[in-house]
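Data from run-v1.pdb: PDB, C-alpha atoms
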ATOM      1  CA  MET A  14     -10.158 -16.622  -4.417
ATOM      2  CA  THR A  15      -8.014 -16.018  -1.375
ATOM      3  CA  ALA A  16      -6.580 -13.197   0.686
ATOM      4  CA  GLN A  17      -3.189 -14.059  -0.765
ATOM      5  CA  SER A  18      -2.183 -11.679  -3.533
ATOM      6  CA  PRO A  19      -1.173 -13.240  -6.818
ATOM      7  CA  GLU A  20       2.432 -13.134  -7.931
ATOM      8  CA  ARG A  21       1.994  -9.922  -9.883
ATOM      9  CA  PRO A  22       0.784  -6.488  -8.863
ATOM     10  CA  MET A  23      -2.668  -5.540 -10.066
ATOM     11  CA  SER A  24      -2.530  -3.738 -13.414
ATOM     12  CA  PRO A  25      -3.551  -0.104 -12.894
ATOM     13  CA  PRO A  26      -6.778   0.929 -14.639
ATOM     14  CA  GLU A  27      -7.090   4.311 -16.354
ATOM     15  CA  PRO A  28      -7.048   7.131 -13.730
ATOM     16  CA  PRO A  29      -8.833   8.674 -12.019
ATOM     17  CA  TYR A  30      -9.844   5.950  -9.581
ATOM     18  CA  TYR A  31      -9.487   5.535  -5.823
ATOM     19  CA  ALA A  32      -7.041   3.653  -3.612
ATOM     20  CA  VAL A  33      -7.807   2.727  -0.010
ATOM     21  CA  VAL A  34      -4.555   2.008   1.829
ATOM     22  CA  PHE A  35      -5.157  -0.068   4.960
ATOM     23  CA  THR A  36      -2.058  -0.641   7.102
ATOM     24  CA  SER A  37      -2.389  -2.752  10.230
ATOM     25  CA  THR A  38      -0.796  -4.738  13.009
ATOM     26  CA  ARG A  39      -2.611  -7.611  14.697
ATOM     27  CA  THR A  40      -3.242  -8.806  18.201
ATOM     28  CA  PRO A  41      -1.706 -12.219  19.055
ATOM     29  CA  GLY A  42      -3.503 -15.333  17.797
ATOM     30  CA  ASP A  43      -5.938 -15.815  14.947
ATOM     31  CA  ASN A  44      -9.258 -15.382  16.810
ATOM     32  CA  GLY A  45     -11.236 -16.075  13.648
ATOM     33  CA  TYR A  46      -9.416 -13.426  11.653
ATOM     34  CA  THR A  47      -8.263 -15.551   8.704
ATOM     35  CA  GLU A  48     -11.691 -16.924   7.871
ATOM     36  CA  ARG A  49     -13.293 -13.494   8.108
ATOM     37  CA  ALA A  50     -10.554 -11.862   6.035
ATOM     38  CA  GLU A  51     -11.120 -14.401   3.250
ATOM     39  CA  ARG A  52     -14.826 -13.649   3.397
ATOM     40  CA  MET A  53     -14.180  -9.890   3.141
ATOM     41  CA  PHE A  54     -11.956 -10.375   0.064
ATOM     42  CA  GLN A  55     -14.726 -12.442  -1.510
ATOM     43  CA  LEU A  56     -17.386  -9.851  -0.670
ATOM     44  CA  ALA A  57     -15.260  -6.948  -1.926
ATOM     45  CA  HIS A  58     -14.857  -8.657  -5.292
ATOM     46  CA  GLU A  59     -18.648  -8.744  -5.614
ATOM     47  CA  GLN A  60     -19.071  -5.020  -4.896
ATOM     48  CA  PRO A  61     -19.918  -2.620  -7.745
ATOM     49  CA  GLY A  62     -16.915  -0.424  -8.533
ATOM     50  CA  PHE A  63     -14.335  -2.777  -7.038
ATOM     51  CA  LEU A  64     -11.249  -2.751  -9.289
ATOM     52  CA  GLY A  65      -8.794  -4.982  -7.447
ATOM     53  CA  VAL A  66      -6.659  -5.465  -4.349
ATOM     54  CA  ASP A  67      -3.034  -6.118  -3.420
ATOM     55  CA  THR A  68      -1.995  -7.297   0.023
ATOM     56  CA  ALA A  69       1.257  -8.228   1.752
ATOM     57  CA  ARG A  70       2.203  -9.000   5.348
ATOM     58  CA  GLY A  71       5.792  -8.364   6.319
ATOM     59  CA  ALA A  72       8.003 -10.347   8.646
ATOM     60  CA  ALA A  73       7.758  -7.632  11.298
ATOM     61  CA  GLY A  74       3.981  -8.077  11.367
ATOM     62  CA  LEU A  75       2.868  -5.053   9.382
ATOM     63  CA  ARG A  76       0.174  -5.833   6.810
ATOM     64  CA  ILE A  77      -0.531  -3.468   3.935
ATOM     65  CA  THR A  78      -3.706  -3.960   1.902
ATOM     66  CA  VAL A  79      -4.493  -1.587  -0.953
ATOM     67  CA  SER A  80      -7.926  -1.892  -2.553
ATOM     68  CA  TYR A  81      -8.862   0.015  -5.683
ATOM     69  CA  TRP A  82     -12.295   1.465  -6.464
ATOM     70  CA  ARG A  83     -13.955   3.209  -9.372
ATOM     71  CA  ASP A  84     -15.231   6.210  -7.394
ATOM     72  CA  GLU A  85     -16.193   7.558  -3.970
ATOM     73  CA  GLU A  86     -19.687   6.117  -4.273
ATOM     74  CA  SER A  87     -18.359   2.571  -4.512
ATOM     75  CA  ILE A  88     -16.149   3.129  -1.438
ATOM     76  CA  ALA A  89     -19.150   4.485   0.494
ATOM     77  CA  ALA A  90     -21.302   1.519  -0.549
ATOM     78  CA  TRP A  91     -18.598  -0.906   0.619
ATOM     79  CA  ARG A  92     -18.271   0.954   3.926
ATOM     80  CA  ASP A  93     -22.025   0.653   4.454
ATOM     81  CA  GLN A  94     -22.261  -3.004   3.395
ATOM     82  CA  ALA A  95     -23.751  -4.610   6.525
ATOM     83  CA  GLU A  96     -21.443  -7.625   6.863
ATOM     84  CA  HIS A  97     -18.385  -5.453   6.221
ATOM     85  CA  ALA A  98     -19.468  -2.882   8.804
ATOM     86  CA  GLU A  99     -19.967  -5.646  11.385
ATOM     87  CA  THR A 100     -16.553  -7.073  10.549
ATOM     88  CA  ARG A 101     -14.861  -3.694  10.990
ATOM     89  CA  ALA A 102     -16.344  -3.478  14.484
ATOM     90  CA  ASP A 103     -15.020  -6.973  15.237
ATOM     91  CA  GLY A 104     -11.631  -5.835  13.968
ATOM     92  CA  ARG A 105     -11.469  -3.037  16.499
ATOM     93  CA  HIS A 106     -12.615  -5.342  19.285
ATOM     94  CA  HIS A 107     -10.500  -8.386  18.563
ATOM     95  CA  TRP A 108      -8.004  -8.433  15.721
ATOM     96  CA  TYR A 109      -6.153  -5.154  15.377
ATOM     97  CA  GLU A 110      -3.505  -3.709  17.616
ATOM     98  CA  SER A 111      -3.338  -0.639  15.392
ATOM     99  CA  PHE A 112      -4.300   0.451  11.924
ATOM    100  CA  ALA A 113      -4.297   3.444   9.622
ATOM    101  CA  VAL A 114      -6.540   4.098   6.616
ATOM    102  CA  HIS A 115      -5.726   6.514   3.806
ATOM    103  CA  VAL A 116      -8.396   7.177   1.139
ATOM    104  CA  ALA A 117      -6.758   8.649  -1.943
ATOM    105  CA  LYS A 118      -7.674   9.629  -5.503
ATOM    106  CA  VAL A 119      -5.204   8.157  -7.983
ATOM    107  CA  GLU A 120      -4.082  10.817 -10.441
ATOM    108  CA  ARG A 121      -1.582   8.796 -12.466
ATOM    109  CA  ALA A 122      -0.288   5.264 -12.615
ATOM    110  CA  TYR A 123       2.097   3.142 -14.641
ATOM    111  CA  GLN A 124       3.429  -0.357 -14.668
ATOM    112  CA  PHE A 125       6.414  -2.376 -15.787
ATOM    113  CA  THR A 126       6.619  -6.007 -16.814
ATOM    114  CA  ARG A 127       9.975  -7.539 -17.655
ATOM    115  CA  PRO A 128      10.081  -8.355 -21.377
TER     116      PRO A 128
ATOM    117  CA  MET B   4      17.067   3.321   9.800
ATOM    118  CA  THR B   5      16.194   0.286   7.716
ATOM    119  CA  ALA B   6      13.863  -0.814   4.937
ATOM    120  CA  GLN B   7      11.959  -2.787   7.558
ATOM    121  CA  SER B   8       8.799  -1.029   8.633
ATOM    122  CA  PRO B   9       8.354  -0.500  12.348
ATOM    123  CA  GLU B  10       5.728  -2.461  14.251
ATOM    124  CA  ARG B  11       3.085   0.208  13.813
ATOM    125  CA  PRO B  12       1.630   1.876  10.726
ATOM    126  CA  MET B  13       2.735   5.434  10.113
ATOM    127  CA  SER B  14       0.342   7.912  11.743
ATOM    128  CA  PRO B  15      -1.502   9.806   9.001
ATOM    129  CA  PRO B  16      -0.757  13.538   8.830
ATOM    130  CA  GLU B  17      -3.530  16.051   8.159
ATOM    131  CA  PRO B  18      -4.856  15.650   4.561
ATOM    132  CA  PRO B  19      -4.352  16.594   1.835
ATOM    133  CA  TYR B  20      -1.035  14.878   1.179
ATOM    134  CA  TYR B  21       0.145  12.344  -1.382
ATOM    135  CA  ALA B  22       0.642   8.594  -1.311
ATOM    136  CA  VAL B  23       2.848   6.761  -3.809
ATOM    137  CA  VAL B  24       1.898   3.075  -3.858
ATOM    138  CA  PHE B  25       4.709   0.944  -5.292
ATOM    139  CA  THR B  26       3.823  -2.736  -5.725
ATOM    140  CA  SER B  27       6.482  -5.092  -7.061
ATOM    141  CA  THR B  28       7.740  -8.597  -7.620
ATOM    142  CA  ARG B  29      11.452  -9.352  -7.873
ATOM    143  CA  THR B  30      13.749 -11.344 -10.086
ATOM    144  CA  PRO B  31      15.521 -14.292  -8.368
ATOM    145  CA  GLY B  32      18.527 -13.491  -6.177
ATOM    146  CA  ASP B  33      19.566 -10.314  -4.421
ATOM    147  CA  ASN B  34      21.862  -8.790  -7.073
ATOM    148  CA  GLY B  35      22.664  -5.839  -4.840
ATOM    149  CA  TYR B  36      19.014  -4.999  -4.240
ATOM    150  CA  THR B  37      18.998  -5.016  -0.434
ATOM    151  CA  GLU B  38      21.880  -2.598  -0.029
ATOM    152  CA  ARG B  39      20.441  -0.208  -2.604
ATOM    153  CA  ALA B  40      16.949  -0.397  -1.114
ATOM    154  CA  GLU B  41      18.349   0.568   2.293
ATOM    155  CA  ARG B  42      20.128   3.495   0.683
ATOM    156  CA  MET B  43      16.917   4.646  -1.028
ATOM    157  CA  PHE B  44      15.011   4.566   2.275
ATOM    158  CA  GLN B  45      17.775   6.648   3.836
ATOM    159  CA  LEU B  46      17.775   9.133   0.942
ATOM    160  CA  ALA B  47      13.973   9.437   0.919
ATOM    161  CA  HIS B  48      13.985  10.363   4.610
ATOM    162  CA  GLU B  49      16.306  13.267   3.777
ATOM    163  CA  GLN B  50      14.058  14.640   1.015
ATOM    164  CA  PRO B  51      12.002  17.799   1.625
ATOM    165  CA  GLY B  52       8.314  16.936   1.880
ATOM    166  CA  PHE B  53       8.866  13.279   2.814
ATOM    167  CA  LEU B  54       6.263  12.315   5.433
ATOM    168  CA  GLY B  55       6.896   8.621   5.992
ATOM    169  CA  VAL B  56       6.823   5.138   4.501
ATOM    170  CA  ASP B  57       5.329   1.724   5.206
ATOM    171  CA  THR B  58       6.552  -1.441   3.505
ATOM    172  CA  ALA B  59       5.704  -5.146   3.645
ATOM    173  CA  ARG B  60       6.729  -8.142   1.564
ATOM    174  CA  GLY B  61       4.334 -11.065   1.504
ATOM    175  CA  ALA B  62       5.118 -14.769   1.460
ATOM    176  CA  ALA B  63       4.041 -15.003  -2.191
ATOM    177  CA  GLY B  64       6.731 -12.458  -3.079
ATOM    178  CA  LEU B  65       4.638  -9.346  -3.556
ATOM    179  CA  ARG B  66       6.128  -6.252  -1.927
ATOM    180  CA  ILE B  67       3.995  -3.185  -1.240
ATOM    181  CA  THR B  68       5.733   0.066  -0.320
ATOM    182  CA  VAL B  69       3.659   3.181   0.324
ATOM    183  CA  SER B  70       5.538   6.450   0.720
ATOM    184  CA  TYR B  71       3.828   9.656   1.799
ATOM    185  CA  TRP B  72       4.664  13.157   0.569
ATOM    186  CA  ARG B  73       3.577  16.685   1.344
ATOM    187  CA  ASP B  74       2.757  17.678  -2.248
ATOM    188  CA  GLU B  75       3.386  16.974  -5.918
ATOM    189  CA  GLU B  76       6.516  19.117  -5.904
ATOM    190  CA  SER B  77       8.196  16.906  -3.333
ATOM    191  CA  ILE B  78       7.334  13.787  -5.373
ATOM    192  CA  ALA B  79       8.776  15.397  -8.511
ATOM    193  CA  ALA B  80      11.952  16.398  -6.673
ATOM    194  CA  TRP B  81      12.391  12.825  -5.418
ATOM    195  CA  ARG B  82      11.788  11.450  -8.919
ATOM    196  CA  ASP B  83      14.506  13.773 -10.268
ATOM    197  CA  GLN B  84      17.004  13.088  -7.466
ATOM    198  CA  ALA B  85      20.011  11.785  -9.417
ATOM    199  CA  GLU B  86      20.879   8.734  -7.322
ATOM    200  CA  HIS B  87      17.212   7.715  -7.131
ATOM    201  CA  ALA B  88      16.761   8.061 -10.909
ATOM    202  CA  GLU B  89      19.821   5.890 -11.507
ATOM    203  CA  THR B  90      18.509   3.317  -9.040
ATOM    204  CA  ARG B  91      15.141   3.173 -10.782
ATOM    205  CA  ALA B  92      16.920   2.366 -14.043
ATOM    206  CA  ASP B  93      18.867  -0.403 -12.272
ATOM    207  CA  GLY B  94      15.571  -1.697 -10.931
ATOM    208  CA  ARG B  95      14.158  -2.140 -14.416
ATOM    209  CA  HIS B  96      17.360  -3.769 -15.609
ATOM    210  CA  HIS B  97      18.063  -6.118 -12.720
ATOM    211  CA  TRP B  98      15.696  -6.342  -9.780
ATOM    212  CA  TYR B  99      12.062  -6.202 -10.798
ATOM    213  CA  GLU B 100      10.033  -8.822 -12.565
ATOM    214  CA  SER B 101       7.051  -6.472 -12.519
ATOM    215  CA  PHE B 102       5.834  -3.399 -10.727
ATOM    216  CA  ALA B 103       2.972  -0.914 -10.626
ATOM    217  CA  VAL B 104       3.012   2.651  -9.320
ATOM    218  CA  HIS B 105      -0.072   4.598  -8.266
ATOM    219  CA  VAL B 106       0.320   8.295  -7.363
ATOM    220  CA  ALA B 107      -2.677   9.423  -5.327
ATOM    221  CA  LYS B 108      -3.867  12.456  -3.394
ATOM    222  CA  VAL B 109      -5.050  11.483   0.079
ATOM    223  CA  GLU B 110      -8.412  13.101   0.799
ATOM    224  CA  ARG B 111      -9.075  11.622   4.234
ATOM    225  CA  ALA B 112      -7.361   9.384   6.730
ATOM    226  CA  TYR B 113      -7.884   7.944  10.191
ATOM    227  CA  GLN B 114      -6.171   5.617  12.573
ATOM    228  CA  PHE B 115      -6.875   3.274  15.439
ATOM    229  CA  THR B 116      -4.667   2.272  18.314
ATOM    230  CA  ARG B 117      -5.881  -0.312  20.816
ATOM    231  CA  PRO B 118      -6.475   1.382  24.174
TER     232      PRO B 118
END
Structure re-expressed in structure tokens:
Amino acid sequence: MTAQSPERPMSPPEPPYYAVVFTSTRTPGDNGYTERAERMFQLAHEQPGFLGVDTARGAAGLRITVSYWRDEESIAAWRDQAEHAETRADGRHHWYESFAVHVAKVERAYQFTRP
Amino acid sequence: MTAQSPERPMSPPEPPYYAVVFTSTRTPGDNGYTERAERMFQLAHEQPGFLGVDTARGAAGLRITVSYWRDEESIAAWRDQAEHAETRADGRHHWYESFAVHVAKVERAYQFTRP
């Protein structure tokens, strides 16, 4: 399990479910970010209500990570998970130049796979 | 105006608003994709209710594009825009190996900018 998304987008589950869109730019250097990010992906996968995650970092430095959750309760539990909360504080102190978070309820979804 | 996101995430407007998460992998080659993608970004910016867009393409080939809209009506109008509808059909025929679309109502949002 790694922070690298697989070659295909996550298959959408049956709505409703939640998407947390996390868009960020980083400070220069790694500063322990990569190891901690891997750990957060691992932890998220173990959380109740976690449905999946897609992530991509563009050439201009913008990273977009979208995690999917069963309901608001599972998002709240992940927010309050102690190691995750500590890591978010480290993110503000060390790793992120800027970020935005959008918490959204998915109302409909569809997918396409080339035949 | 380009398909390249700027160096900072879009600043979230006041919720509620909508996010359309489009996650995709491409077929090999460009096949006219880049030019058409630029045109779609340009067209989207001209649509009523368009609030902004962030996009990133990862090393493994996964692209995530999140566009933000005032309401469902503006998403429907963009879906029905003739040139966009034609481009979506071209996408299924030529450019995309797979994609997923999640249409979601943003309930809360916040941002951080390093002081």
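Shortest atom-to-atom contact with Pro16 in chain B among A:Arg121, A:Arg83, A:Val114, A:Pro128: A:Val114, counting all atoms listed in the file.
Distance-wise, CA of Asn34 in chain B and CA of Arg60 in chain B end up 17.4 Å apart.
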In Å, rounded to a single decimal, give me how far CA of Val23 in chain B is from CA of Thr68 in chain B.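 A separation of 8.1 Å between them.
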For the structure provided, state which residues fall under the PyMOL selection byres ((chain B) within 6 of (chain A)), and present them as a list of chain:residue names.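 On this input, the PyMOL selection byres ((chain B) within 6 of (chain A)) captures B:Pro12, B:Thr26, B:Ala59, B:Arg60, B:Gly61, B:Glu100, B:Ser101, B:Phe102, B:Ala103, B:Val104, B:His105, B:Val106, B:Ala107, B:Lys108, B:Val109, B:Glu110, B:Arg111, B:Ala112, B:Tyr113, B:Gln114, B:Phe115, B:Thr116, B:Arg117.
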Report chain A as a PDB file with C-alpha atoms, in the frame of the given file in the frame of chain B, after least-squares superposition over all C-alpha atoms paired in order.
ATOM      1  CA  MET A  14      17.099   3.317   9.778  1.00  0.00           C
ATOM      2  CA  THR A  15      16.220   0.286   7.715  1.00  0.00           C
ATOM      3  CA  ALA A  16      13.881  -0.803   4.957  1.00  0.00           C
ATOM      4  CA  GLN A  17      11.978  -2.792   7.558  1.00  0.00           C
ATOM      5  CA  SER A  18       8.813  -1.030   8.657  1.00  0.00           C
ATOM      6  CA  PRO A  19       8.359  -0.533  12.372  1.00  0.00           C
ATOM      7  CA  GLU A  20       5.719  -2.486  14.231  1.00  0.00           C
ATOM      8  CA  ARG A  21       3.083   0.195  13.808  1.00  0.00           C
ATOM      9  CA  PRO A  22       1.635   1.856  10.735  1.00  0.00           C
ATOM     10  CA  MET A  23       2.736   5.415  10.120  1.00  0.00           C
ATOM     11  CA  SER A  24       0.359   7.907  11.738  1.00  0.00           C
ATOM     12  CA  PRO A  25      -1.498   9.790   8.994  1.00  0.00           C
ATOM     13  CA  PRO A  26      -0.757  13.524   8.817  1.00  0.00           C
ATOM     14  CA  GLU A  27      -3.525  16.049   8.152  1.00  0.00           C
ATOM     15  CA  PRO A  28      -4.834  15.655   4.551  1.00  0.00           C
ATOM     16  CA  PRO A  29      -4.347  16.599   1.837  1.00  0.00           C
ATOM     17  CA  TYR A  30      -1.025  14.890   1.185  1.00  0.00           C
ATOM     18  CA  TYR A  31       0.156  12.355  -1.385  1.00  0.00           C
ATOM     19  CA  ALA A  32       0.654   8.591  -1.320  1.00  0.00           C
ATOM     20  CA  VAL A  33       2.857   6.759  -3.811  1.00  0.00           C
ATOM     21  CA  VAL A  34       1.900   3.077  -3.875  1.00  0.00           C
ATOM     22  CA  PHE A  35       4.700   0.936  -5.307  1.00  0.00           C
ATOM     23  CA  THR A  36       3.821  -2.747  -5.733  1.00  0.00           C
ATOM     24  CA  SER A  37       6.477  -5.097  -7.064  1.00  0.00           C
ATOM     25  CA  THR A  38       7.746  -8.600  -7.630  1.00  0.00           C
ATOM     26  CA  ARG A  39      11.457  -9.362  -7.855  1.00  0.00           C
ATOM     27  CA  THR A  40      13.744 -11.344 -10.079  1.00  0.00           C
ATOM     28  CA  PRO A  41      15.523 -14.286  -8.371  1.00  0.00           C
ATOM     29  CA  GLY A  42      18.534 -13.500  -6.176  1.00  0.00           C
ATOM     30  CA  ASP A  43      19.562 -10.317  -4.415  1.00  0.00           C
ATOM     31  CA  ASN A  44      21.853  -8.780  -7.074  1.00  0.00           C
ATOM     32  CA  GLY A  45      22.659  -5.838  -4.819  1.00  0.00           C
ATOM     33  CA  TYR A  46      19.019  -4.995  -4.230  1.00  0.00           C
ATOM     34  CA  THR A  47      18.985  -5.014  -0.417  1.00  0.00           C
ATOM     35  CA  GLU A  48      21.868  -2.594  -0.007  1.00  0.00           C
ATOM     36  CA  ARG A  49      20.437  -0.211  -2.587  1.00  0.00           C
ATOM     37  CA  ALA A  50      16.943  -0.394  -1.097  1.00  0.00           C
ATOM     38  CA  GLU A  51      18.326   0.582   2.318  1.00  0.00           C
ATOM     39  CA  ARG A  52      20.122   3.491   0.694  1.00  0.00           C
ATOM     40  CA  MET A  53      16.912   4.647  -1.030  1.00  0.00           C
ATOM     41  CA  PHE A  54      14.984   4.568   2.275  1.00  0.00           C
ATOM     42  CA  GLN A  55      17.745   6.652   3.841  1.00  0.00           C
ATOM     43  CA  LEU A  56      17.758   9.135   0.955  1.00  0.00           C
ATOM     44  CA  ALA A  57      13.959   9.440   0.920  1.00  0.00           C
ATOM     45  CA  HIS A  58      13.967  10.365   4.602  1.00  0.00           C
ATOM     46  CA  GLU A  59      16.289  13.268   3.788  1.00  0.00           C
ATOM     47  CA  GLN A  60      14.053  14.641   1.016  1.00  0.00           C
ATOM     48  CA  PRO A  61      11.999  17.804   1.623  1.00  0.00           C
ATOM     49  CA  GLY A  62       8.307  16.929   1.880  1.00  0.00           C
ATOM     50  CA  PHE A  63       8.855  13.285   2.802  1.00  0.00           C
ATOM     51  CA  LEU A  64       6.261  12.317   5.434  1.00  0.00           C
ATOM     52  CA  GLY A  65       6.899   8.617   5.983  1.00  0.00           C
ATOM     53  CA  VAL A  66       6.832   5.133   4.485  1.00  0.00           C
ATOM     54  CA  ASP A  67       5.329   1.718   5.196  1.00  0.00           C
ATOM     55  CA  THR A  68       6.550  -1.437   3.500  1.00  0.00           C
ATOM     56  CA  ALA A  69       5.715  -5.141   3.640  1.00  0.00           C
ATOM     57  CA  ARG A  70       6.742  -8.154   1.570  1.00  0.00           C
ATOM     58  CA  GLY A  71       4.336 -11.059   1.514  1.00  0.00           C
ATOM     59  CA  ALA A  72       5.087 -14.756   1.477  1.00  0.00           C
ATOM     60  CA  ALA A  73       4.041 -14.998  -2.171  1.00  0.00           C
ATOM     61  CA  GLY A  74       6.729 -12.466  -3.083  1.00  0.00           C
ATOM     62  CA  LEU A  75       4.639  -9.349  -3.573  1.00  0.00           C
ATOM     63  CA  ARG A  76       6.126  -6.252  -1.936  1.00  0.00           C
ATOM     64  CA  ILE A  77       4.002  -3.191  -1.247  1.00  0.00           C
ATOM     65  CA  THR A  78       5.735   0.066  -0.330  1.00  0.00           C
ATOM     66  CA  VAL A  79       3.662   3.178   0.315  1.00  0.00           C
ATOM     67  CA  SER A  80       5.546   6.454   0.716  1.00  0.00           C
ATOM     68  CA  TYR A  81       3.824   9.645   1.792  1.00  0.00           C
ATOM     69  CA  TRP A  82       4.671  13.152   0.574  1.00  0.00           C
ATOM     70  CA  ARG A  83       3.582  16.681   1.356  1.00  0.00           C
ATOM     71  CA  ASP A  84       2.770  17.680  -2.234  1.00  0.00           C
ATOM     72  CA  GLU A  85       3.389  16.986  -5.922  1.00  0.00           C
ATOM     73  CA  GLU A  86       6.518  19.129  -5.903  1.00  0.00           C
ATOM     74  CA  SER A  87       8.202  16.900  -3.337  1.00  0.00           C
ATOM     75  CA  ILE A  88       7.325  13.785  -5.379  1.00  0.00           C
ATOM     76  CA  ALA A  89       8.767  15.415  -8.516  1.00  0.00           C
ATOM     77  CA  ALA A  90      11.955  16.397  -6.674  1.00  0.00           C
ATOM     78  CA  TRP A  91      12.382  12.819  -5.422  1.00  0.00           C
ATOM     79  CA  ARG A  92      11.794  11.455  -8.929  1.00  0.00           C
ATOM     80  CA  ASP A  93      14.498  13.769 -10.270  1.00  0.00           C
ATOM     81  CA  GLN A  94      16.994  13.094  -7.466  1.00  0.00           C
ATOM     82  CA  ALA A  95      20.003  11.785  -9.422  1.00  0.00           C
ATOM     83  CA  GLU A  96      20.863   8.728  -7.312  1.00  0.00           C
ATOM     84  CA  HIS A  97      17.197   7.722  -7.139  1.00  0.00           C
ATOM     85  CA  ALA A  98      16.755   8.071 -10.899  1.00  0.00           C
ATOM     86  CA  GLU A  99      19.831   5.894 -11.489  1.00  0.00           C
ATOM     87  CA  THR A 100      18.505   3.319  -9.039  1.00  0.00           C
ATOM     88  CA  ARG A 101      15.126   3.173 -10.782  1.00  0.00           C
ATOM     89  CA  ALA A 102      16.913   2.372 -14.041  1.00  0.00           C
ATOM     90  CA  ASP A 103      18.853  -0.391 -12.272  1.00  0.00           C
ATOM     91  CA  GLY A 104      15.551  -1.694 -10.935  1.00  0.00           C
ATOM     92  CA  ARG A 105      14.156  -2.131 -14.417  1.00  0.00           C
ATOM     93  CA  HIS A 106      17.359  -3.772 -15.613  1.00  0.00           C
ATOM     94  CA  HIS A 107      18.049  -6.104 -12.724  1.00  0.00           C
ATOM     95  CA  TRP A 108      15.702  -6.340  -9.767  1.00  0.00           C
ATOM     96  CA  TYR A 109      12.067  -6.200 -10.800  1.00  0.00           C
ATOM     97  CA  GLU A 110      10.028  -8.814 -12.567  1.00  0.00           C
ATOM     98  CA  SER A 111       7.041  -6.475 -12.522  1.00  0.00           C
ATOM     99  CA  PHE A 112       5.830  -3.397 -10.734  1.00  0.00           C
ATOM    100  CA  ALA A 113       2.977  -0.925 -10.634  1.00  0.00           C
ATOM    101  CA  VAL A 114       3.014   2.653  -9.334  1.00  0.00           C
ATOM    102  CA  HIS A 115      -0.072   4.594  -8.279  1.00  0.00           C
ATOM    103  CA  VAL A 116       0.323   8.295  -7.372  1.00  0.00           C
ATOM    104  CA  ALA A 117      -2.667   9.417  -5.334  1.00  0.00           C
ATOM    105  CA  LYS A 118      -3.854  12.470  -3.400  1.00  0.00           C
ATOM    106  CA  VAL A 119      -5.042  11.488   0.070  1.00  0.00           C
ATOM    107  CA  GLU A 120      -8.393  13.103   0.806  1.00  0.00           C
ATOM    108  CA  ARG A 121      -9.068  11.627   4.241  1.00  0.00           C
ATOM    109  CA  ALA A 122      -7.346   9.377   6.720  1.00  0.00           C
ATOM    110  CA  TYR A 123      -7.876   7.945  10.179  1.00  0.00           C
ATOM    111  CA  GLN A 124      -6.166   5.613  12.557  1.00  0.00           C
ATOM    112  CA  PHE A 125      -6.878   3.275  15.432  1.00  0.00           C
ATOM    113  CA  THR A 126      -4.665   2.272  18.327  1.00  0.00           C
ATOM    114  CA  ARG A 127      -5.880  -0.299  20.822  1.00  0.00           C
ATOM    115  CA  PRO A 128      -6.442   1.394  24.191  1.00  0.00           C
TER     116      PRO A 128
END
Give me the result of the PyMOL selection byres ((chain B and resi 81) around 12) on this file, residue by residue, as a ChimeraX atom specification. /B:23,43-44,46-53,70-80,82-91
Could you tell me how far CA of Gly104 in chain A lies from CA of Thr47 in chain A, in Å and to one decimal?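 CA of Thr47 in chain A lies at a distance of 11.6 Å from CA of Gly104 in chain A.
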Centre and edge lengths, as JSON, for the axis-aligned box enclosing every listed atom of range 111-127 of chain A with 5 Å of padding on each of the six sides, in Å to one decimal?
{"center_x": 0.8, "center_y": 1.6, "center_z": -1.1, "size_x": 28.4, "size_y": 28.4, "size_z": 43.0}
